[in-house]
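Containing PDB, C-alpha atoms: protein.pdb.
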```pdb
ATOM      1  CA  MET A   1     179.743  50.235 229.002
ATOM      2  CA  SER A   2     178.108  49.440 232.323
ATOM      3  CA  ARG A   3     176.791  52.067 234.711
ATOM      4  CA  ARG A   4     178.926  50.914 237.608
ATOM      5  CA  CYS A   5     181.414  52.766 239.800
ATOM      6  CA  GLU A   6     184.972  51.458 239.343
ATOM      7  CA  LEU A   7     185.984  52.382 242.898
ATOM      8  CA  THR A   8     183.004  51.235 244.983
ATOM      9  CA  GLY A   9     181.044  48.907 242.683
ATOM     10  CA  VAL A  10     177.787  50.853 243.069
ATOM     11  CA  GLY A  11     175.290  50.200 240.256
ATOM     12  CA  PRO A  12     171.691  51.051 239.340
ATOM     13  CA  MET A  13     168.874  50.370 241.800
ATOM     14  CA  THR A  14     165.326  49.429 240.828
ATOM     15  CA  GLY A  15     162.010  50.355 242.355
ATOM     16  CA  ASN A  16     158.473  51.408 241.557
ATOM     17  CA  ASN A  17     156.765  54.632 240.566
ATOM     18  CA  VAL A  18     153.493  54.584 242.493
ATOM     19  CA  SER A  19     150.599  56.670 241.184
ATOM     20  CA  HIS A  20     147.756  58.146 243.226
ATOM     21  CA  ALA A  21     145.618  55.183 242.098
ATOM     22  CA  HIS A  22     148.406  52.917 243.423
ATOM     23  CA  ASN A  23     149.412  51.675 239.952
ATOM     24  CA  LYS A  24     153.018  50.522 240.005
ATOM     25  CA  THR A  25     155.458  50.877 237.111
ATOM     26  CA  ARG A  26     159.116  49.898 237.243
ATOM     27  CA  ARG A  27     161.837  52.548 237.409
ATOM     28  CA  ARG A  28     165.635  52.712 237.705
ATOM     29  CA  CYS A  29     167.673  54.987 239.954
ATOM     30  CA  LEU A  30     171.047  55.496 238.292
ATOM     31  CA  PRO A  31     174.207  56.380 240.247
ATOM     32  CA  ASN A  32     175.746  59.834 239.827
ATOM     33  CA  LEU A  33     178.706  58.687 237.669
ATOM     34  CA  GLN A  34     181.451  61.090 236.641
ATOM     35  CA  LYS A  35     184.566  60.569 234.504
ATOM     36  CA  LYS A  36     187.667  61.945 236.190
ATOM     37  CA  ARG A  37     191.359  61.981 235.287
ATOM     38  CA  ILE A  38     193.492  61.454 238.362
ATOM     39  CA  TRP A  39     197.262  61.712 238.717
ATOM     40  CA  LEU A  40     199.119  58.766 240.228
ATOM     41  CA  PRO A  41     202.435  60.128 241.539
ATOM     42  CA  GLU A  42     203.806  56.612 242.244
ATOM     43  CA  GLU A  43     203.405  55.607 238.586
ATOM     44  CA  LYS A  44     203.891  59.139 237.192
ATOM     45  CA  LYS A  45     200.851  58.982 234.910
ATOM     46  CA  PHE A  46     197.182  59.961 234.614
ATOM     47  CA  ILE A  47     194.376  57.406 234.653
ATOM     48  CA  THR A  48     190.690  57.940 233.891
ATOM     49  CA  VAL A  49     188.174  56.489 236.337
ATOM     50  CA  LYS A  50     184.389  56.370 236.139
ATOM     51  CA  ALA A  51     183.218  56.864 239.703
ATOM     52  CA  THR A  52     180.278  58.219 241.677
ATOM     53  CA  ALA A  53     180.480  61.720 243.116
ATOM     54  CA  LYS A  54     180.617  60.261 246.629
ATOM     55  CA  ALA A  55     183.520  57.982 245.671
ATOM     56  CA  LEU A  56     185.429  60.959 244.243
ATOM     57  CA  LYS A  57     185.134  62.760 247.577
ATOM     58  CA  THR A  58     186.435  59.659 249.354
ATOM     59  CA  LEU A  59     189.217  59.378 246.766
ATOM     60  CA  ASP A  60     190.393  62.899 247.665
ATOM     61  CA  LYS A  61     190.496  61.922 251.332
ATOM     62  CA  LYS A  62     192.020  58.401 251.221
ATOM     63  CA  GLY A  63     193.862  58.152 247.916
ATOM     64  CA  TYR A  64     193.586  55.782 244.958
ATOM     65  CA  HIS A  65     195.730  52.916 246.256
ATOM     66  CA  ALA A  66     193.930  52.812 249.630
ATOM     67  CA  MET A  67     190.541  52.639 247.897
ATOM     68  CA  MET A  68     191.654  49.870 245.539
ATOM     69  CA  LYS A  69     193.063  47.890 248.459
ATOM     70  CA  GLU A  70     189.738  48.287 250.298
ATOM     71  CA  LEU A  71     187.791  47.186 247.212
ATOM     72  CA  ALA A  72     189.996  44.080 246.865
ATOM     73  CA  GLN A  73     189.296  43.134 250.495
ATOM     74  CA  LYS A  74     185.530  43.507 249.970
ATOM     75  CA  THR A  75     185.519  41.194 246.959
ATOM     76  CA  LYS A  76     187.401  38.374 248.733
TER      77      LYS A  76
END
```
In structure tokens, how does this file's structure come out?
Amino acid sequence: MSRRCELTGVGPMTGNNVSHAHNKTRRRCLPNLQKKRIWLPEEKKFITVKATAKALKTLDKKGYHAMMKELAQKTK
């Protein structure tokens, strides 16, 4: 199960922890993923999505179908 948002495609970022002595060790910044059941009135059913908290706020504003259409245009 990947740590990737199903609505926006956001995944983990990598970087460095830098100590006072300027030693660098690798680190990962994980996205704030949440599982959410959403109701699709057009299909009359619930679906479960794994999305970031920011994507869930956008989902409330735009709607599921608009977000999926936007994601399809980005991947073309």
Fill in: Picked residues, the PyMOL selection byres ((chain A and resi 1-11) around 7), expected as a ChimeraX atom specification
/A:12-13,31,33,49-52,55,67-68,71
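In this structure, atom CA of A:Lys35 sits 15.0 Å away from atom CA of A:Thr58.
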Discussion item. For the provided coordinates, the residues matched by the PyMOL selection byres ((chain A and resi 26) around 7) should be stated as an MDAnalysis selection string.
Written reply: chainID A and resid 15:17 24:25 27
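Put simply, atom CA of A:Thr48 is 5.5 Å away from atom CA of A:Lys36.
Proximity of A:Leu40, A:Val18, A:Arg28, A:Asn23 to A:Leu59, computed with all atoms listed in the file, is greatest for A:Leu40.
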Worksheet entry | Between atom CA of A:Lys45 and atom CA of A:Lys69, distance in Å (one decimal) | 19.2 Å
If you apply the PyMOL selection byres ((chain A and resi 47) around 6) to this file, what residues do you get, as an mmCIF file with C-alpha atoms, keeping the file's coordinate frame?
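Printed below is selection-v1.cif as written:
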```cif
data_model
loop_
_atom_site.group_PDB
_atom_site.id
_atom_site.type_symbol
_atom_site.label_atom_id
_atom_site.label_comp_id
_atom_site.auth_asym_id
_atom_site.auth_seq_id
_atom_site.Cartn_x
_atom_site.Cartn_y
_atom_site.Cartn_z
ATOM 1 C CA ARG A 37 191.359 61.981 235.287
ATOM 2 C CA ILE A 38 193.492 61.454 238.362
ATOM 3 C CA PHE A 46 197.182 59.961 234.614
ATOM 4 C CA THR A 48 190.690 57.940 233.891
#
```
What are the centre and the three edge lengths of an axis-aligned box that wraps all atoms of stretch 49-65 of chain A in the file, given that 4 Å is added to every side, written as JSON and rounded to one decimal in Å?
```
{"center_x": 188.0, "center_y": 57.9, "center_z": 243.7, "size_x": 23.5, "size_y": 18.0, "size_z": 23.2}
```
Worksheet, complete the sentence: In terms of only C-alpha atoms, the residue from A:His22, A:Glu70, A:His65, A:Asn32 at minimal distance from A:Ala53 is A:Asn32
From the structure just shown, export stretch 26-63 of chain A with N, CA, C and O atoms as an mmCIF file, in the first residue's frame.
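The result, written out as out.cif:
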```
data_model
loop_
_atom_site.group_PDB
_atom_site.id
_atom_site.type_symbol
_atom_site.label_atom_id
_atom_site.label_comp_id
_atom_site.auth_asym_id
_atom_site.auth_seq_id
_atom_site.Cartn_x
_atom_site.Cartn_y
_atom_site.Cartn_z
ATOM 1 N N ARG A 26 19.640 11.161 6.050
ATOM 2 C CA ARG A 26 18.445 11.229 5.213
ATOM 3 C C ARG A 26 17.183 11.117 6.060
ATOM 4 O O ARG A 26 17.151 10.418 7.069
ATOM 5 N N ARG A 27 16.129 11.782 5.623
ATOM 6 C CA ARG A 27 14.830 11.714 6.284
ATOM 7 C C ARG A 27 13.721 11.734 5.243
ATOM 8 O O ARG A 27 13.968 12.098 4.093
ATOM 9 N N ARG A 28 12.516 11.344 5.663
ATOM 10 C CA ARG A 28 11.345 11.375 4.775
ATOM 11 C C ARG A 28 10.266 12.224 5.430
ATOM 12 O O ARG A 28 10.017 12.105 6.625
ATOM 13 N N CYS A 29 9.619 13.042 4.639
ATOM 14 C CA CYS A 29 8.457 13.816 5.078
ATOM 15 C C CYS A 29 7.241 13.168 4.425
ATOM 16 O O CYS A 29 7.091 13.231 3.209
ATOM 17 N N LEU A 30 6.400 12.551 5.248
ATOM 18 C CA LEU A 30 5.247 11.824 4.718
ATOM 19 C C LEU A 30 4.035 12.742 4.621
ATOM 20 O O LEU A 30 3.853 13.632 5.452
ATOM 21 N N PRO A 31 3.190 12.550 3.607
ATOM 22 C CA PRO A 31 1.976 13.369 3.494
ATOM 23 C C PRO A 31 0.966 13.001 4.582
ATOM 24 O O PRO A 31 0.980 11.884 5.108
ATOM 25 N N ASN A 32 0.091 13.936 4.901
ATOM 26 C CA ASN A 32 -0.921 13.758 5.930
ATOM 27 C C ASN A 32 -2.122 13.006 5.326
ATOM 28 O O ASN A 32 -3.136 13.605 4.979
ATOM 29 N N LEU A 33 -1.979 11.680 5.172
ATOM 30 C CA LEU A 33 -3.016 10.869 4.516
ATOM 31 C C LEU A 33 -4.107 10.471 5.491
ATOM 32 O O LEU A 33 -3.845 10.115 6.637
ATOM 33 N N GLN A 34 -5.343 10.534 5.013
ATOM 34 C CA GLN A 34 -6.515 10.157 5.787
ATOM 35 C C GLN A 34 -7.383 9.257 4.916
ATOM 36 O O GLN A 34 -7.466 9.455 3.712
ATOM 37 N N LYS A 35 -8.039 8.272 5.537
ATOM 38 C CA LYS A 35 -9.026 7.452 4.830
ATOM 39 C C LYS A 35 -10.388 8.076 5.070
ATOM 40 O O LYS A 35 -10.739 8.403 6.201
ATOM 41 N N LYS A 36 -11.169 8.235 4.022
ATOM 42 C CA LYS A 36 -12.456 8.906 4.139
ATOM 43 C C LYS A 36 -13.471 8.222 3.238
ATOM 44 O O LYS A 36 -13.194 7.954 2.075
ATOM 45 N N ARG A 37 -14.649 7.939 3.787
ATOM 46 C CA ARG A 37 -15.760 7.424 2.985
ATOM 47 C C ARG A 37 -16.545 8.613 2.478
ATOM 48 O O ARG A 37 -16.953 9.473 3.257
ATOM 49 N N ILE A 38 -16.732 8.669 1.160
ATOM 50 C CA ILE A 38 -17.514 9.769 0.596
ATOM 51 C C ILE A 38 -18.698 9.194 -0.180
ATOM 52 O O ILE A 38 -18.618 8.106 -0.748
ATOM 53 N N TRP A 39 -19.789 9.921 -0.170
ATOM 54 C CA TRP A 39 -21.017 9.518 -0.844
ATOM 55 C C TRP A 39 -21.040 10.107 -2.236
ATOM 56 O O TRP A 39 -20.834 11.305 -2.422
ATOM 57 N N LEU A 40 -21.265 9.264 -3.240
ATOM 58 C CA LEU A 40 -21.416 9.711 -4.614
ATOM 59 C C LEU A 40 -22.903 9.650 -4.965
ATOM 60 O O LEU A 40 -23.445 8.559 -5.196
ATOM 61 N N PRO A 41 -23.586 10.803 -5.006
ATOM 62 C CA PRO A 41 -25.023 10.772 -5.272
ATOM 63 C C PRO A 41 -25.355 10.304 -6.690
ATOM 64 O O PRO A 41 -26.403 9.703 -6.912
ATOM 65 N N GLU A 42 -24.459 10.544 -7.668
ATOM 66 C CA GLU A 42 -24.715 10.121 -9.043
ATOM 67 C C GLU A 42 -24.758 8.597 -9.159
ATOM 68 O O GLU A 42 -25.532 8.038 -9.928
ATOM 69 N N GLU A 43 -23.887 7.925 -8.395
ATOM 70 C CA GLU A 43 -23.823 6.461 -8.446
ATOM 71 C C GLU A 43 -24.566 5.809 -7.283
ATOM 72 O O GLU A 43 -24.657 4.584 -7.217
ATOM 73 N N LYS A 44 -25.043 6.621 -6.346
ATOM 74 C CA LYS A 44 -25.787 6.146 -5.175
ATOM 75 C C LYS A 44 -25.010 5.092 -4.384
ATOM 76 O O LYS A 44 -25.529 4.014 -4.055
ATOM 77 N N LYS A 45 -23.742 5.410 -4.080
ATOM 78 C CA LYS A 45 -22.936 4.494 -3.272
ATOM 79 C C LYS A 45 -21.807 5.263 -2.581
ATOM 80 O O LYS A 45 -21.474 6.387 -2.954
ATOM 81 N N PHE A 46 -21.234 4.629 -1.547
ATOM 82 C CA PHE A 46 -20.072 5.159 -0.851
ATOM 83 C C PHE A 46 -18.811 4.604 -1.498
ATOM 84 O O PHE A 46 -18.793 3.461 -1.963
ATOM 85 N N ILE A 47 -17.753 5.401 -1.508
ATOM 86 C CA ILE A 47 -16.427 4.909 -1.880
ATOM 87 C C ILE A 47 -15.453 5.370 -0.807
ATOM 88 O O ILE A 47 -15.694 6.372 -0.131
ATOM 89 N N THR A 48 -14.370 4.647 -0.626
ATOM 90 C CA THR A 48 -13.340 5.004 0.337
ATOM 91 C C THR A 48 -12.137 5.515 -0.437
ATOM 92 O O THR A 48 -11.641 4.842 -1.343
ATOM 93 N N VAL A 49 -11.687 6.720 -0.086
ATOM 94 C CA VAL A 49 -10.502 7.293 -0.722
ATOM 95 C C VAL A 49 -9.440 7.530 0.336
ATOM 96 O O VAL A 49 -9.743 7.774 1.502
ATOM 97 N N LYS A 50 -8.183 7.419 -0.078
ATOM 98 C CA LYS A 50 -7.050 7.735 0.786
ATOM 99 C C LYS A 50 -6.453 9.024 0.234
ATOM 100 O O LYS A 50 -5.836 9.021 -0.833
ATOM 101 N N ALA A 51 -6.683 10.120 0.943
ATOM 102 C CA ALA A 51 -6.304 11.428 0.429
ATOM 103 C C ALA A 51 -5.661 12.258 1.527
ATOM 104 O O ALA A 51 -5.845 11.999 2.720
ATOM 105 N N THR A 52 -4.907 13.277 1.119
ATOM 106 C CA THR A 52 -4.315 14.203 2.076
ATOM 107 C C THR A 52 -5.405 15.089 2.656
ATOM 108 O O THR A 52 -6.487 15.242 2.079
ATOM 109 N N ALA A 53 -5.116 15.694 3.793
ATOM 110 C CA ALA A 53 -6.079 16.581 4.444
ATOM 111 C C ALA A 53 -6.401 17.770 3.546
ATOM 112 O O ALA A 53 -7.553 18.203 3.460
ATOM 113 N N LYS A 54 -5.419 18.281 2.837
ATOM 114 C CA LYS A 54 -5.641 19.403 1.926
ATOM 115 C C LYS A 54 -6.558 18.989 0.770
ATOM 116 O O LYS A 54 -7.440 19.742 0.356
ATOM 117 N N ALA A 55 -6.370 17.782 0.256
ATOM 118 C CA ALA A 55 -7.214 17.303 -0.842
ATOM 119 C C ALA A 55 -8.654 17.103 -0.383
ATOM 120 O O ALA A 55 -9.587 17.323 -1.151
ATOM 121 N N LEU A 56 -8.851 16.711 0.887
ATOM 122 C CA LEU A 56 -10.207 16.538 1.395
ATOM 123 C C LEU A 56 -10.932 17.872 1.495
ATOM 124 O O LEU A 56 -12.136 17.961 1.239
ATOM 125 N N LYS A 57 -10.206 18.931 1.838
ATOM 126 C CA LYS A 57 -10.819 20.259 1.865
ATOM 127 C C LYS A 57 -11.212 20.696 0.458
ATOM 128 O O LYS A 57 -12.286 21.255 0.235
ATOM 129 N N THR A 58 -10.364 20.416 -0.518
ATOM 130 C CA THR A 58 -10.658 20.750 -1.902
ATOM 131 C C THR A 58 -11.815 19.903 -2.419
ATOM 132 O O THR A 58 -12.645 20.383 -3.197
ATOM 133 N N LEU A 59 -11.881 18.651 -1.981
ATOM 134 C CA LEU A 59 -12.966 17.754 -2.363
ATOM 135 C C LEU A 59 -14.317 18.300 -1.901
ATOM 136 O O LEU A 59 -15.296 18.253 -2.642
ATOM 137 N N ASP A 60 -14.360 18.857 -0.687
ATOM 138 C CA ASP A 60 -15.598 19.462 -0.186
ATOM 139 C C ASP A 60 -16.021 20.641 -1.054
ATOM 140 O O ASP A 60 -17.204 20.877 -1.262
ATOM 141 N N LYS A 61 -15.047 21.380 -1.558
ATOM 142 C CA LYS A 61 -15.346 22.580 -2.338
ATOM 143 C C LYS A 61 -15.750 22.248 -3.778
ATOM 144 O O LYS A 61 -16.755 22.736 -4.278
ATOM 145 N N LYS A 62 -14.960 21.398 -4.462
ATOM 146 C CA LYS A 62 -15.154 21.136 -5.889
ATOM 147 C C LYS A 62 -16.057 19.944 -6.185
ATOM 148 O O LYS A 62 -16.813 19.955 -7.146
ATOM 149 N N GLY A 63 -15.892 18.880 -5.416
ATOM 150 C CA GLY A 63 -16.617 17.644 -5.690
ATOM 151 C C GLY A 63 -15.683 16.587 -6.267
ATOM 152 O O GLY A 63 -14.631 16.898 -6.828
#
```
